[in-house]
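For reference, the structure is listed below as structure tokens.
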Amino acid sequence: MTFGRIANLGRMGFFPFALGLTGVFVTGTLNRVMIVELAIPATLVGLFLAVPLLLSPLRMWLGYRSDAAPLRGLRREPYIVLGALFSAGGVLAATTLAAGAGTRTVLAGLGLLVAFMAYGVGKHLSSNTFEALIADRFEGVARSRAITLYKLPMFVGIIGGAIGLGRLLEPFSIERLLAVAFGLALLAFTLAALAVIRQEPRRPLVQAAAEQARRVPFWQTFRRLVWADRQARLFFVFVMLAIVGTQTQEILLEPYGALVLGMSVAETTRLTSLWGTGAILAMALGGGWLLKRFGYRAVLRVGLQANVLIFLGLIVAGVVGSTGLFRGLVLILGVGTGLAFAGSMAAVIDFTTVVRAGFLMGVWGTAAELGEAVGNLFGGAIVDTIRALTGSPLIAYGTVFALEGALLVGALILLGRINVRESVALQEASHEGDALLAGTAGD
């Protein structure tokens, strides 16, 4: 492999890194500032942050547009840059409106809603199309490894952004917040553009794929490849169950440590870094070696099974009151989540074809985003309800952990029933000579 190719592959990592930076600013920094420093009602802030998740079904249509409607002869690069522009503009507009003196007016509230919508649309358009670009760019088993390894810079962006943004905003002021938001938006857009320029394959096959996708309207594509396909429906539900079962704990671990184990704010804050370290190590190992050696099904199965046991262990740690056991389990939970994530991303790209890469990535991305929304909503609701009925944080949080484990068991059962080769999309690709996918189906 030449130095130029290595540099190009490394340059692609700028995009997920920028995505991580932007995400941690919105869900972490801006979220906290709006509620605490700017005293915007938490319910309203929750609505704003839910908007990008609620817009996730747009990923399917946006992906279809990327497949079927090239801009200046390209299916991926222009859409990624356009999405990055919308995302950066939405973040900057939301910060500016939130920091304004008139944030209590209806007009300002509508403006914030539109800004978060722009951020959500841009995020979905750019990230979905970037995943389709990976499907176009890589062949064979390299596709599965690439989709996993290119998630690592996103985690680095999240962890590094959380540390860096905290330092940049000390001491806090509205002027400093606006300056950081402007710099972040500019940096994120620049990195995204640099990451994808001249990365899309200029092959006749790609243009033929666009013409082929354009022949079938969006709704007909959806009905045939998703609604009427049992394998696609099973896989959609599998992705949702895996995400709900794996991700719900993200908003629960810190309060669980505080309320059940009596941990301090500083101690619970470190849990994120423990979990993130385990996830990054597992994804690097999975993408670098495990997927190639054992296949995505084995990696995915081990990750999900490990998390089932860990959720039971978290309950035990609360019962015996062991903070050391709890910390160790959080680290291992990160490892299990990383393995499950690596395996699921490889499964997603295995269920994707060159002709329909944008659309199919949009379908599976929608399942993941909706799963995250369901997990955040019902995880908190269940905790509040059971805690109100019993008065016991251990029972409340333990119930959710047990439910997460049960959902992962359901996901494992579904995984055993999924056969990628039987899907309509892959059969269509096989009949139409989709050479890029022929070697990876049914790993």
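FYI, nothing fancy with the structure tokens labels: chains A, B, ... in order, residues from 1 per chain, ligands from 1 as they appear.
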
Compile a residue-level contact table for segment 158-189 of chain A against segment 275-285 of chain A at a cut-off of 12 Å, reporting for every qualifying residue the shortest atom pair and its distance in Å to one decimal, with only C-alpha atoms counted, rows ordered by chain and ascending number, as a tab-separated table.
```
residue	atom	partner	partner_atom	distance
A:Ile158	CA	A:Gly276	CA	9.2
A:Ile159	CA	A:Gly276	CA	7.6
A:Gly160	CA	A:Gly276	CA	11.1
A:Ala162	CA	A:Gly276	CA	11.8
```

Would you mind exporting N, CA and C atoms of the selected residues as a tab-separated table (two decimals), in the first residue's frame?
```tsv
chain	number	residue	atom	x	y	z
A	158	ILE	N	-15.20	12.46	20.90
A	158	ILE	CA	-16.10	12.61	22.04
A	158	ILE	C	-15.31	12.81	23.34
A	159	ILE	N	-14.35	11.92	23.57
A	159	ILE	CA	-13.57	12.00	24.82
A	159	ILE	C	-12.69	13.24	24.84
A	160	GLY	N	-11.96	13.49	23.72
A	160	GLY	CA	-11.11	14.67	23.64
A	160	GLY	C	-11.92	15.95	23.69
A	162	ALA	N	-14.83	16.41	25.19
A	162	ALA	CA	-15.33	16.62	26.55
A	162	ALA	C	-14.27	17.27	27.43
```

Spatial neighbours of Asp67 of chain A, max dist 7 Å, only C-alpha atoms, sep filter under 2 positions, as a ChimeraX atom specification
/A:63-65,69,75,210,213,355-359

Between A:Leu30, A:Ile174, A:Ala228, A:Ala146, which residue has the minimum interatomic distance to Ile349 of chain A, considering only C-alpha atoms?
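Among the listed residues, A:Ala146 lies closest to Ile349 of chain A.
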
For a quick check of understanding, using only C-alpha atoms, which of A:Leu377, A:Leu309, A:Leu274, A:Ile332 has the smallest distance to Ala406 of chain A?
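Nearest to Ala406 of chain A: A:Leu309.
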
Between A:Ala209, A:Ala368, A:Leu169, A:Ala99, which one has atoms that come closest to Ser56 of chain A, using only C-alpha atoms?
A:Ala368

Measuring between only C-alpha atoms, which one of A:Gln305, A:Gln231, A:Ser423, A:Thr95 shows the shortest distance to Leu178 of chain A?
A:Thr95

Nearest to Val24 of chain A: which of A:Asp350, A:Phe48, A:Val156, A:Val121 is it, counting only C-alpha atoms?
A:Val156

So, with only C-alpha atoms as the atoms that count, which of A:Leu152, A:Leu259, A:Ala185, A:Ala192 lies closest to Ser392 of chain A?
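Answer, going by the shortest atom-to-atom distance: A:Leu259.
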
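Proximity to Val374 of chain A at 10 Å, evaluated using only C-alpha atoms and with sequence-adjacent residues fewer than 3 positions away removed, yields A:Leu53, A:Met240, A:Leu241, A:Ile243, A:Val244, A:Gln247, A:Thr248, A:Ala368, A:Glu369, A:Leu370, A:Gly371, A:Leu377, A:Phe378, A:Gly379.
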
Could you find all residues in segment 50-131 of chain A that DSSP calls alpha helix (DSSP H) from the backbone, and write them as a PyMOL selection string?
chain A and resi 50-54+58-68+77-99+106-131

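If you look at atom CA of Gly46 of chain A and atom CA of His124 of chain A, they are 19.0 Å away from each other.
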
Contacts of Ala396 of chain A within 10 Å, only C-alpha atoms, excl. fewer than 6 positions in-chain, as a list in words
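Contacts, in chain order: Tyr256, Gly379, Gly380, Ile382, Val383, Asp384, Thr385, Ile386, Arg387, Ala388, Leu389 and Thr390 of chain A.
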
Based on the selection just made, write C-alpha atoms of those residues as a PDB file, in the first residue's frame.
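Output (selection-v5.pdb):
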```pdb
ATOM      1  CA  TYR A 256     -26.798   4.662  39.961  1.00  0.00           C
ATOM      2  CA  GLY A 379     -35.068   4.004  30.757  1.00  0.00           C
ATOM      3  CA  GLY A 380     -35.610   7.226  32.691  1.00  0.00           C
ATOM      4  CA  ILE A 382     -39.082   3.217  34.277  1.00  0.00           C
ATOM      5  CA  VAL A 383     -36.568   4.350  36.891  1.00  0.00           C
ATOM      6  CA  ASP A 384     -38.771   7.245  38.003  1.00  0.00           C
ATOM      7  CA  THR A 385     -41.917   5.098  38.157  1.00  0.00           C
ATOM      8  CA  ILE A 386     -40.420   2.198  40.135  1.00  0.00           C
ATOM      9  CA  ARG A 387     -38.543   4.526  42.446  1.00  0.00           C
ATOM     10  CA  ALA A 388     -41.771   6.409  43.174  1.00  0.00           C
ATOM     11  CA  LEU A 389     -43.559   3.126  43.934  1.00  0.00           C
ATOM     12  CA  THR A 390     -40.821   1.467  46.003  1.00  0.00           C
TER      13      THR A 390
END
```

Find the spatial neighbours of segment 289-300 of chain A, counting only C-alpha atoms, within a cut-off of 7 Å - ignore same-chain residues fewer than 2 positions away - and output them as a PyMOL selection string.
chain A and resi 141+145+285-287+302-304+339-340+343-344+346-347+443
